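Undergrad: Can you read through this structure? Questions will come right after.
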Amino acid sequence: MSAQTVPNQGGFQVLTSPGPAAIAVVRAWGPAAAEFAARHLRLRVARTPEEWGRGEVLRAELVDAGGAPLDDVLLSVHSPAPALDLHVHLHGNPWLVRRCTEMLRGGGLQSQAVEGKPLWPAADILEAEAWTLLPQMQTLRGARWLLGQAGRLRVALAELLDEPAGETAQSACAEIAARRAIVDWFARPLRVALVGPPNAGKSTLANALADRCVSVVSPVPGTTRDWVEVPGEVAGFPVLWLDTAGWRDTDDTLERAGVERTRRLIHEADALVIVLDATEQPGRGLAALLSECAAREAACVALNKADLGEPDSAVLSALPATWRTRAVSVSALARNGLEALGEVLLASLGRTAAVLDLPAAYTPRQAALLGEAGRMVDPGIRRAHLRQVLDVGESAAAS
């Protein structure tokens, strides 16, 4: 018997409505809730769930299975352990809520959440699940992808039900399940760090990409001493541009602290865009930056200030070979080359139109059943899992 089917372990509910919000509240209760809390909730002052009292409000960090922090949360204790009844108050990003519920489900808690009524009458469960997820899509392109995906998945499942026994059907099921990550492309902004030496034009580029003035722009090196989040959109994908402090050696205490934050973002961001002044000879700062980024691939290199002339050949020569193929000439000031920058960024991350046209699971339920189907050698058992994705029972299929 799997952890998800163990009786009397407890359950969970998402108490707030779906879609982006400032705060979301997830309730968890039962013995497994205490195990979840011990594994995934790290208090500022270490105390076990057995030490929490009714009515307490605690500050904690939500962490994943590897201990990596996901969010700062508040915990309100409504009943003490072992029959713990706990409310987790987290930021309302749909991705965070989904990660939290996935960890609860993986810890043996049964979902008691009401998924919500469809916004419009639905033809089947695939369409109903798409309607339910619709408020989480942060762009129009995401909404269109989701609404079209119900039809793509329905066609793919029908073909797989007719597929004879063989590895082809198994791999197809696994691939469709693996594409569930695509829904996060539209539900969670891509965090892109703009990294480069001082005065390379990172803040000007961030403002140009967001199409509004958010970051302070100045010719004085070291103006940006902390990273600034600039929301934007690239070809229909939500993006959070992270304008970072200029990378260089400095004796200024505040500026050095900004460089340390940049170092952290280099390793934490979803993608890197290296911003360089293409009109200047590369200095020692670029070599140090390349060394820091050695463990990561730059998604794009923005050769900025193209309005001042052709890029210096020495700048390109200083880059790793794979980075040169992702170099784009831009002028942040004149707002030229921004579309090409976005295209290179998305292509390097595999976010292409061809991928979006493929059938993909878009809920944990669909991905779990398709993943199981991909592991089934017996075609009859595999088809049974596929019918469950379509919510078609064995008895109905037999008739």
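Identifiers for the structure tokens are assigned positionally: chains receive A, B, ... in sequence, residues are indexed from 1 per chain, and ligands are indexed from 1 in the order shown.
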Can you tell me which residues surround region 358-375 of chain A at a distance of at most 10 Å, considering only C-alpha atoms, apart from same-chain residues fewer than 6 positions away, and format the answer as a VMD selection string?
TA: chain A and resid 98 101 to 102 126 129 to 130 133 146 148 to 157 167 to 184 381 to 390
Undergrad: If we count only C-alpha atoms, what is near Gln112 (chain A) at a cut-off of 7 Å, once residues fewer than 6 positions away on the same chain are taken out, given as a list in words?
TA: Gly11, Phe12 and Gln13 of chain A
Undergrad: Selection from above, N, CA and C atoms, as a PDB file, in the first residue's frame, can you write it?
TA:
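The file below, selection-v1.pdb, is the result:
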ATOM      1  N   GLY A  11      -5.342  14.770   6.180  1.00  0.00           N
ATOM      2  CA  GLY A  11      -5.668  15.355   4.886  1.00  0.00           C
ATOM      3  C   GLY A  11      -5.232  16.802   4.826  1.00  0.00           C
ATOM      4  N   PHE A  12      -5.512  17.434   3.685  1.00  0.00           N
ATOM      5  CA  PHE A  12      -5.201  18.854   3.536  1.00  0.00           C
ATOM      6  C   PHE A  12      -6.219  19.516   2.632  1.00  0.00           C
ATOM      7  N   GLN A  13      -6.352  20.825   2.782  1.00  0.00           N
ATOM      8  CA  GLN A  13      -7.244  21.633   1.963  1.00  0.00           C
ATOM      9  C   GLN A  13      -6.564  22.958   1.646  1.00  0.00           C
TER      10      GLN A  13
END
Undergrad: With only C-alpha atoms as the basis for distance, which of A:Ala143, A:Leu109, A:Ala271, A:Ala122 is at the shortest distance from Ser348 (chain A)?
TA: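 Of all the options, A:Ala271 lies closest to Ser348 (chain A).
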Undergrad: Per DSSP on the backbone, filter region 124-366 of chain A down to the residues in strand (DSSP E) and report them as JSON, numbers by chain.
TA: {"A": [190, 191, 192, 193, 194, 195, 228, 229, 230, 231, 232, 233, 234, 237, 238, 239, 240, 241, 242, 243, 271, 272, 273, 274, 275, 276, 277, 300, 301, 302, 303, 304, 327, 328, 329]}
Undergrad: Mind giving me the straight-line distance from CA of Glu229 (chain A) to CA of Val259 (chain A) in Å, one decimal?
TA: 15.9 Å
Undergrad: Determine which residues of region 122-302 of chain A DSSP labels as helix (DSSP H, G or I) from the backbone of this structure, then write them out as a PyMOL selection string.
TA: chain A and resi 125-136+140-161+167-187+202-210+253-268+284-292
Undergrad: Give me the residues near Arg324 (chain A) as a ChimeraX atom specification, where near means some atom within 10 Å (using only C-alpha atoms) and where sequence neighbours in that chain fewer than 6 positions away do not count.
TA: /A:298,300-301,315-318
Undergrad: Pick from A:Ala288, A:Arg212, A:Ala295, A:Pro238: nearest to Glu268 (chain A), with only C-alpha atoms counted?
TA: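 Smallest separation from Glu268 (chain A) among the options: A:Ala295.
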Undergrad: If you count only C-alpha atoms, which residues fall within 8 Å of Gly232 (chain A), apart from same-chain ones fewer than 2 positions away, as a PyMOL selection string?
TA: chain A and resi 209-211+230+234+238-241
Undergrad: Would you output that residue set with C-alpha atoms, as a CSV table (one decimal), in the first residue's frame?
TA:
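So the final result, stored in out34.csv, reads:
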chain,number,residue,atom,x,y,z
A,209,LEU,CA,12.7,45.1,-21.1
A,210,ALA,CA,10.0,46.0,-18.6
A,211,ASP,CA,8.9,49.0,-20.8
A,230,VAL,CA,11.4,44.2,-12.5
A,234,VAL,CA,8.8,37.9,-23.1
A,238,PRO,CA,6.0,36.0,-17.5
A,239,VAL,CA,9.5,37.1,-16.5
A,240,LEU,CA,11.0,38.7,-13.4
A,241,TRP,CA,14.2,40.6,-14.4
Undergrad: Hey, can you check how far CA of Val63 (chain A) sits from CA of Ala46 (chain A)?
TA: 14.3 Å
